[in-house]
Amino acid sequence: MITEIVERVVRSSRYRDVDRSLLSRLAAEELPRARNPEDAVKRVKRRLHQVVGAFRGAPQRNAIEEAWNGDLTGSAFRAACIDALRGHASTRERIPHLESFYAGIWARTGVPARICDVGCGLNPLALPWMGIGDATYLATDVDQRPLQAVSAFFDLVGQLNEVRTADVVAEPPSDEADVALLLKLVTTLDRQDPEAATRILQTIRARHAVVSFATRSMGGRGDGRDRIYRSRMERLVAEARHVSAVAEASVPSELVFVLTLDG
Ligand SMILES: C[S@@+](CC[C@H](N)C(=O)[O-])C[C@H]1O[C@@H](n2cnc3c(N)ncnc32)[C@H](O)[C@@H]1O
């Protein structure tokens with residue numbers, strides 16, 4: 001029955017690119033609550049909208065390729081990247097702060113030689129503002145749609161990379177990295193499994209983990225979530241157990257916490 005539900009969900013072009021293991025997990029969770037198979041399909045689609053659907057869009061890959069002249073900092077190339085970053089709600093909100101966002105994080109972690117971006121969406125397309133030179137960039141997401149754009153982007157600019165589809169709720173990453181980015185990920189994971197974010201901090205072999213929260217709703221209104229997210233962060237740090245320091249590198253649209261993890 002789970003396979004049948006998954007097959008019906010992927011008939012929708014909207015969710016064809018989503019990792020099958022996530023679809024199976026959501027189908028297994030929703031089947032016992034559903035009245036019948038139709039209801040199960042609807043429930044899985046509703047969950048998928050929360051997990052991936054609410055954020056995604058299609059980046060203009062050709063525009064990026066046409067603007068590439070071998071220089072990450074070229075103004076036409078940056079403009080094309082900005083257009084692409086608009087294609088995903090999470091990166092769109094970050095655009096006004098790109099100049100200071102990564103510099104503020106690296107000021108606390110050092111410039112990383114290896115980054116692991118968990119639930120990356122289109123964030124790797126902000127590479128021109130990261131100033132990480134020839135660092136290796138590991139990008140993972142449960143949604144292949146942004147990953148296709150990310151992989152083509154890395155190939156275009158010649159950045160060392162590994163791009164991987166993964167459901168990090170079922171398989172928390174155990175990669176080695178100087179910095180693991182969990183940008184705007186915790187609230188999405190909490191809706192799937194409230195312990196998933198803790199598991200990631202416990203399995204990832206990174207010196208630092210950067211955990212952030214969007215402080216504005218997708219409609220653009222500030223809605224006072226700051227206090228709720230700070231207390232969520234405190235709980236995460238307590239549960240992860242091996243966090244030795246917490247610093248803050250927030251920008252106006254995003255609360256950003258930089259954790260130092262014990263080895
Ligand atoms: C709010 S967006 C944040 C994207 C990016 N980190 C950023 O801040 O620009 C959440 C991302 O997490 C991904 N995601 C959600 N659930 C996931 C899971 N179980 N495993 C891996 N990625 C997941 C979504 O596909 C989406 O790209």
# chains A, B, ... in the order shown; residues from 1 in each chain; ligands from 1
>>> residues_around(residues="A:Ser151", least_positions_apart="2", cutoff="9 Å", atoms="only C-alpha atoms", output="list in words")
Ala139, Pro146, Leu147, Gln148, Ala149, Phe153, Phe154, Asp155, Leu156, Asn161, Glu162 and Val163 of chain A
>>> write_last_selection(atoms="C-alpha atoms", output="mmCIF file, in the first residue's frame")
data_model
loop_
_atom_site.group_PDB
_atom_site.id
_atom_site.type_symbol
_atom_site.label_atom_id
_atom_site.label_comp_id
_atom_site.auth_asym_id
_atom_site.auth_seq_id
_atom_site.Cartn_x
_atom_site.Cartn_y
_atom_site.Cartn_z
ATOM 1 C CA ALA A 139 25.441 19.979 -0.534
ATOM 2 C CA PRO A 146 17.375 22.581 -6.312
ATOM 3 C CA LEU A 147 20.193 19.994 -6.266
ATOM 4 C CA GLN A 148 20.190 19.758 -10.079
ATOM 5 C CA ALA A 149 20.727 23.525 -10.271
ATOM 6 C CA PHE A 153 26.391 25.547 -10.863
ATOM 7 C CA PHE A 154 29.381 23.892 -9.166
ATOM 8 C CA ASP A 155 30.438 22.240 -12.431
ATOM 9 C CA LEU A 156 30.180 25.590 -14.217
ATOM 10 C CA ASN A 161 31.838 19.564 -4.538
ATOM 11 C CA GLU A 162 29.736 16.590 -3.585
ATOM 12 C CA VAL A 163 25.983 16.895 -4.189
#
>>> residues_around(residues="stretch 208-214 of chain A", least_positions_apart="6", cutoff="7 Å", atoms="only C-alpha atoms", output="PyMOL selection string")
chain A and resi 109+178-184+229+253-261
>>> select_by_dssp(residues="stretch 37-255 of chain A", states="helix (DSSP H, G or I)", output="ChimeraX atom specification")
/A:37-53,61-67,75-85,89-109,123-129,144-157,186-190,196-203,226-240
>>> residues_near_ligand(ligand="ligand 1", cutoff="9 Å", atoms="only C-alpha atoms and all ligand atoms", output="JSON, numbers by chain")
{"A": [18, 19, 22, 48, 50, 51, 52, 53, 54, 55, 56, 85, 88, 89, 90, 91, 92, 93, 94, 117, 118, 119, 120, 121, 122, 123, 124, 140, 141, 142, 143, 144, 145, 146, 147, 165, 166, 167, 168, 169, 170, 171, 172, 181, 182, 183, 184, 185, 186, 187, 188, 189, 191, 192, 193, 196, 212, 213, 214]}
>>> select_by_dssp(residues="stretch 18-210 of chain A", states="strand (DSSP E)", output="MDAnalysis selection string")
chainID A and resid 114:118 136:141 161:165 176:182 205:210
>>> residues_around(residues="A:Glu234", least_positions_apart="4", cutoff="12 Å", atoms="only C-alpha atoms", output="MDAnalysis selection string")
chainID A and resid 198 211 227:230 238:241 243 245:246 257 259
>>> write_last_selection(atoms="C-alpha atoms", output="compact mmCIF listing (two decimals), in the first residue's frame")
# COMPACT_ATOMS: atom_id res chain seq x y z
CA THR A 198 19.39 16.90 17.66
CA VAL A 211 21.74 26.92 12.88
CA ARG A 227 11.69 34.56 21.41
CA ILE A 228 10.26 31.18 20.38
CA TYR A 229 13.29 30.42 18.20
CA ARG A 230 15.77 31.46 20.88
CA ALA A 238 21.00 21.21 25.70
CA GLU A 239 19.83 18.07 23.90
CA ALA A 240 22.80 17.88 21.51
CA ARG A 241 25.04 17.75 24.61
CA VAL A 243 28.12 22.04 22.21
CA ALA A 245 30.12 27.48 22.77
CA VAL A 246 27.29 29.42 21.13
CA PHE A 257 23.63 30.83 15.84
CA LEU A 259 27.83 26.48 17.61
>>> residues_around(residues="A:Gly74", least_positions_apart="5", cutoff="12 Å", atoms="only C-alpha atoms", output="PDB file with C-alpha atoms, in the first residue's frame")
ATOM      1  CA  ILE A  64      23.782  31.931 -14.966  1.00  0.00           C
ATOM      2  CA  ALA A  67      26.749  35.393 -17.410  1.00  0.00           C
ATOM      3  CA  TRP A  68      29.743  33.214 -16.421  1.00  0.00           C
ATOM      4  CA  ASN A  69      33.080  34.630 -17.579  1.00  0.00           C
ATOM      5  CA  ALA A  79      23.200  39.581 -10.857  1.00  0.00           C
ATOM      6  CA  ALA A  80      22.309  36.236 -12.486  1.00  0.00           C
ATOM      7  CA  CYS A  81      22.918  34.449  -9.166  1.00  0.00           C
ATOM      8  CA  PRO A 128      30.044  34.476  -4.951  1.00  0.00           C
ATOM      9  CA  TRP A 129      29.395  36.102  -1.544  1.00  0.00           C
TER      10      TRP A 129
END
>>> atom_distance(atom1="atom CA of A:Gly131", atom2="atom CA of A:Glu66")
22.0 Å
>>> atom_distance(atom1="atom CA of A:Arg46", atom2="atom CA of A:Ala197")
21.5 Å
>>> residues_around(residues="A:Ala177", least_positions_apart="2", cutoff="8 Å", atoms="only C-alpha atoms", output="short mmCIF file (atom, residue, chain, number, x, y, z; two decimals) with C-alpha atoms, in the first residue's frame")
data_model
loop_
_atom_site.label_atom_id
_atom_site.label_comp_id
_atom_site.auth_asym_id
_atom_site.auth_seq_id
_atom_site.Cartn_x
_atom_site.Cartn_y
_atom_site.Cartn_z
CA ALA A 113 38.06 24.43 3.83
CA ARG A 114 35.14 21.99 3.84
CA ILE A 115 31.45 22.94 4.19
CA CYS A 116 28.54 20.58 4.64
CA ASP A 175 30.25 13.81 7.10
CA VAL A 179 31.39 24.05 9.17
CA ALA A 180 27.98 22.38 8.84
CA ARG A 205 31.55 15.41 12.39
CA ALA A 206 31.97 19.17 12.14
CA ARG A 207 33.93 21.67 14.22
#
>>> closest_residue(among="A:Ser75, A:Thr3, A:Ser13, A:Ser250", to="A:Arg108", atoms="only C-alpha atoms")
A:Ser250
